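Engineer: This is the structure, below, for whatever I ask next.
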Amino acid sequence: MAGHVFCRDLCLERGEPHQGTGDAPQRVLMLAWPRGKWRTPRWESVDMSPALATSIHEAAKSGLHVALVDRVGESESLPQLTALPESVSADFSSEADLIAAIDAYAAGEVFAGTFDPRTTIIVCTDSRRDACCARYGFSTYKALAATADREKFNIVQATHIGGCRFAASLVVMPQRQRYGRMTAGQAPAFLEALSRGQIFLPAYKGRTDEPEPLQVAELAALQWAADNDAPASVRLSHGGLPDTPQDGDEFVLSAELGANRLSIRLRARTFHVQGNCGVVAKGGGGDQIRWCLDQMSVAS
């Protein structure tokens with residue numbers, strides 16, 4: 001892809017951190033669909049009937065994340081539909097039954113199926129949405145698929161899950177963990193950490209459902225704990241979250257890790273953000289305030 005400017009590369013050059021962007025969807029519905037037939041938006045994918053497209057579109061509008069997923073060489077063996085975090089998978093004998101299951105799940109009812117106890121790792125490889133997901137996501141997906149114990153992990157490549165500029169972008173379910181800037185070379189260490197029930201800190205984006213500064217502070221504390229063989233259970237305390245931070249603002253927190261107490265100072269920084277390669281190509285984007293680790297010390 002000669003001459004293409006990748007949003008991930010620009011993001012790295014600007015020094016924008018992936019830490020603090022850890023929100024993951026609460027519920028995911030995965031529909032097996034060959035990668036070569038994916039389109040943007042996903043409900044306009046090849047061979048998708050109008051009725052099925054409408055069902056997927058309505059489910060997405062309701063707040064449910066519907067992902068088309070594929071596994072190289074194994075598309076036909078994938079369950080047709082998988083619900084997460086329930087980890088229930090099912091094949092459907094007719095499209096009408098499939099649509100009914102999607103509609104019911106969007107309304108809060110889980111369809112009947114087989115429970116899959118494995119951890120599911122969703123890797124965005126959506127080249128139709130962003131070139132970075134194709135370039136970085138697919139190599140990471142292939143490395144994970146080649147390395148993972150299939151009795152423990154279900155590795156799927158998927159349509160857009162967000163965070164293109166932090167490719168490779170992954171979601172781990174049912175733990176609801178978000179990872180970014182994952183590389184193929186990190187696959188063995190990543191899988192080993194998950195096997196031990198641990199977070200893979202180098203690519204972890206932060207705790208889902210927490211405000212950005214708390215995600216960043218907790219991650220900093222967890223990294224300190226890993227470097228100092230300290231307990232990895234973090235308790236944060238602060239005087240209240242800042243409302244509308246400006247560039248240069250500070251936010252100070254305390255973190256307790258067992259008998260250890262840390263003082264963590266964050267600083268608000270402005271970054272020029274271009275969320276995907278399409279925005280880069282059009283010269284778009286805008287400035288965004290991000291909270292970054294400024295200083296951390298052991299409190300006396």
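Labeling convention for the structure tokens: chains A, B, ... as they appear, residues from 1 per chain, ligands from 1 in order of appearance.
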I'd like to know which residues of segment 12-179 of chain A are helix (DSSP H, G or I) (by DSSP, run on the backbone); could you write them as number ranges by chain?
Structural biologist: A: 12-13, 35-37, 42-44, 50-61, 75-77, 95-106, 131-147, 164-166
Engineer: Please build the interface table for segment 104-166 of chain A against segment 25-35 of chain A with a cut-off of 10 Å, listing for each qualifying residue the nearest atom pair and the distance in Å to one decimal; count only C-alpha atoms, order rows by chain and increasing number, and write it as CSV.
Structural biologist:
residue,atom,partner,partner_atom,distance
A:Tyr105,CA,A:Leu29,CA,8.2
A:Ala106,CA,A:Leu29,CA,8.8
A:Gly108,CA,A:Arg27,CA,9.8
A:Ile122,CA,A:Met30,CA,9.5
A:Thr125,CA,A:Arg35,CA,8.7
A:Asp126,CA,A:Arg35,CA,8.1
A:Ser127,CA,A:Arg35,CA,9.3
A:Arg128,CA,A:Arg35,CA,9.8
A:Val156,CA,A:Met30,CA,9.5
A:Gln157,CA,A:Arg35,CA,8.2
A:Ala158,CA,A:Arg35,CA,8.0
A:Thr159,CA,A:Arg35,CA,8.3
A:Ile161,CA,A:Pro25,CA,9.0
Engineer: Each residue of segment 3-75 of chain A with at least one atom at most 12 Å from segment 203-212 of chain A should appear once, together with its nearest atom pair and the corresponding distance in Å (one decimal); atoms considered: only C-alpha atoms; ordering: chain, then increasing residue number; output as CSV.
Structural biologist:
residue,atom,partner,partner_atom,distance
A:Pro17,CA,A:Lys205,CA,8.9
A:His18,CA,A:Lys205,CA,5.7
A:Gln19,CA,A:Lys205,CA,4.4
A:Gly20,CA,A:Glu212,CA,4.6
A:Thr21,CA,A:Lys205,CA,5.4
A:Gly22,CA,A:Gly206,CA,4.3
A:Asp23,CA,A:Thr208,CA,4.3
A:Ala24,CA,A:Thr208,CA,5.8
A:Pro25,CA,A:Thr208,CA,8.6
A:Gln26,CA,A:Thr208,CA,9.2
Engineer: Pick the closest to Arg118 of chain A from A:Ala96, A:Val273, A:Cys7, A:Val172: which is it, counting only C-alpha atoms?
Structural biologist: A:Val172
Engineer: Excluding Thr54 of chain A and its own-chain neighbours fewer than 2 positions away, which residues fall within 12 Å of it when counting only C-alpha atoms? Please give them as a JSON list (two decimals) with C-alpha atoms, in the first residue's frame.
Structural biologist:
[["chain", "number", "residue", "atom", "x", "y", "z"],
["A", 41, "PRO", "CA", -21.79, -0.85, 7.15],
["A", 42, "ARG", "CA", -21.83, -4.52, 8.08],
["A", 43, "TRP", "CA", -25.56, -4.91, 7.43],
["A", 44, "GLU", "CA", -24.83, -4.25, 3.76],
["A", 45, "SER", "CA", -22.47, -7.22, 3.47],
["A", 48, "MET", "CA", -27.13, -10.63, 3.37],
["A", 49, "SER", "CA", -30.87, -10.55, 2.79],
["A", 50, "PRO", "CA", -32.83, -7.34, 3.44],
["A", 51, "ALA", "CA", -34.62, -8.98, 6.38],
["A", 52, "LEU", "CA", -31.39, -10.08, 8.05],
["A", 56, "ILE", "CA", -28.75, -6.49, 12.46],
["A", 57, "HIS", "CA", -29.18, -2.76, 11.89],
["A", 58, "GLU", "CA", -31.99, -2.50, 14.43],
["A", 59, "ALA", "CA", -29.98, -4.51, 16.97],
["A", 60, "ALA", "CA", -27.03, -2.15, 16.50],
["A", 61, "LYS", "CA", -29.26, 0.89, 16.96],
["A", 99, "ILE", "CA", -33.52, -13.27, 12.76],
["A", 100, "ALA", "CA", -35.85, -14.13, 15.63],
["A", 102, "ILE", "CA", -31.10, -11.69, 16.95],
["A", 103, "ASP", "CA", -34.26, -9.69, 17.65]]
Engineer: Any idea what's packed within 10 Å of Ser263 of chain A, counting only C-alpha atoms, ignoring anything in its chain fewer than 4 positions away? Could you give it as a PyMOL selection string?
Structural biologist: chain A and resi 217+221+236-237+252-256+295-300
Engineer: Take the residues from that selection and write them out as a PDB file, in the first residue's frame, keeping N, CA and C atoms.
Structural biologist:
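Saved to again37.pdb:
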ATOM      1  N   ALA A 217      -4.662   5.946  35.835  1.00  0.00           N
ATOM      2  CA  ALA A 217      -4.028   5.835  37.147  1.00  0.00           C
ATOM      3  C   ALA A 217      -3.944   4.382  37.595  1.00  0.00           C
ATOM      4  N   ALA A 221      -0.554   2.140  38.397  1.00  0.00           N
ATOM      5  CA  ALA A 221      -0.357   1.420  39.655  1.00  0.00           C
ATOM      6  C   ALA A 221      -0.130  -0.070  39.414  1.00  0.00           C
ATOM      7  N   LEU A 236      -8.038   3.109  44.441  1.00  0.00           N
ATOM      8  CA  LEU A 236      -7.752   4.503  44.138  1.00  0.00           C
ATOM      9  C   LEU A 236      -8.592   5.428  45.022  1.00  0.00           C
ATOM     10  N   SER A 237      -8.022   6.567  45.375  1.00  0.00           N
ATOM     11  CA  SER A 237      -8.771   7.599  46.084  1.00  0.00           C
ATOM     12  C   SER A 237      -8.358   8.955  45.532  1.00  0.00           C
ATOM     13  N   VAL A 252      -4.387  14.661  40.782  1.00  0.00           N
ATOM     14  CA  VAL A 252      -3.572  13.849  41.682  1.00  0.00           C
ATOM     15  C   VAL A 252      -4.451  12.823  42.381  1.00  0.00           C
ATOM     16  N   LEU A 253      -3.978  11.580  42.400  1.00  0.00           N
ATOM     17  CA  LEU A 253      -4.696  10.476  43.048  1.00  0.00           C
ATOM     18  C   LEU A 253      -3.739   9.732  43.953  1.00  0.00           C
ATOM     19  N   SER A 254      -4.321   8.943  44.848  1.00  0.00           N
ATOM     20  CA  SER A 254      -3.560   8.011  45.676  1.00  0.00           C
ATOM     21  C   SER A 254      -3.986   6.595  45.308  1.00  0.00           C
ATOM     22  N   ALA A 255      -3.037   5.691  45.368  1.00  0.00           N
ATOM     23  CA  ALA A 255      -3.324   4.292  45.076  1.00  0.00           C
ATOM     24  C   ALA A 255      -2.778   3.420  46.184  1.00  0.00           C
ATOM     25  N   GLU A 256      -3.622   2.545  46.704  1.00  0.00           N
ATOM     26  CA  GLU A 256      -3.194   1.595  47.726  1.00  0.00           C
ATOM     27  C   GLU A 256      -3.079   0.212  47.094  1.00  0.00           C
ATOM     28  N   GLN A 295       3.677  11.791  36.797  1.00  0.00           N
ATOM     29  CA  GLN A 295       4.640  11.429  37.828  1.00  0.00           C
ATOM     30  C   GLN A 295       3.998  10.433  38.793  1.00  0.00           C
ATOM     31  N   MET A 296       4.787   9.506  39.266  1.00  0.00           N
ATOM     32  CA  MET A 296       4.315   8.539  40.264  1.00  0.00           C
ATOM     33  C   MET A 296       5.427   8.305  41.266  1.00  0.00           C
ATOM     34  N   SER A 297       5.079   8.292  42.561  1.00  0.00           N
ATOM     35  CA  SER A 297       6.071   8.088  43.598  1.00  0.00           C
ATOM     36  C   SER A 297       5.451   7.316  44.748  1.00  0.00           C
ATOM     37  N   VAL A 298       6.312   6.688  45.536  1.00  0.00           N
ATOM     38  CA  VAL A 298       5.856   5.953  46.712  1.00  0.00           C
ATOM     39  C   VAL A 298       5.638   6.962  47.825  1.00  0.00           C
ATOM     40  N   ALA A 299       4.425   6.982  48.347  1.00  0.00           N
ATOM     41  CA  ALA A 299       4.090   7.930  49.420  1.00  0.00           C
ATOM     42  C   ALA A 299       4.713   7.477  50.723  1.00  0.00           C
ATOM     43  N   SER A 300       5.163   8.418  51.505  1.00  0.00           N
ATOM     44  CA  SER A 300       5.788   8.086  52.804  1.00  0.00           C
ATOM     45  C   SER A 300       4.723   7.827  53.839  1.00  0.00           C
TER      46      SER A 300
END
Engineer: Please report, as a VMD selection string, each residue of segment 11-216 of chain A to which DSSP assigns strand (DSSP E) when run on this structure's backbone.
Structural biologist: chain A and resid 28 to 32 65 to 70 81 to 84 88 to 90 114 to 115 119 to 124 153 to 158 170 to 173 177 to 179 204 to 206
Engineer: Excluding Lys142 of chain A and its own-chain neighbours fewer than 5 positions away, which residues fall within 10 Å of it when counting only C-alpha atoms? Please give them as an MDAnalysis selection string.
Structural biologist: chainID A and resid 71:72 123 137 147 155:157 184 187
Engineer: Counting only C-alpha atoms, which residue out of A:Leu293, A:Cys124, A:Ala131, A:Ala168 sits closest to Gln215 of chain A?
Structural biologist: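 The answer is A:Leu293, which sits nearest to Gln215 of chain A.
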Engineer: Under the rule that only C-alpha atoms are counted, which of A:Asp130, A:Glu218, A:Asp227, A:Asp247 is the nearest residue to Gln288 of chain A?
Structural biologist: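 The closest residue to Gln288 of chain A is A:Asp247.
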Engineer: In Å, how far is it from atom CA of Pro188 of chain A to atom CA of Asp229 of chain A?
Structural biologist: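 Atom-to-atom, atom CA of Pro188 of chain A and atom CA of Asp229 of chain A are spaced 21.8 Å apart.
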Engineer: Just checking: using only C-alpha atoms, which residue out of A:Asp9, A:Asp287, A:Glu86, A:Asp294 ends up closest to Cys132 of chain A?
Structural biologist: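 Of A:Asp9, A:Asp287, A:Glu86, A:Asp294, the one nearest Cys132 of chain A is A:Asp9, counting only C-alpha atoms.
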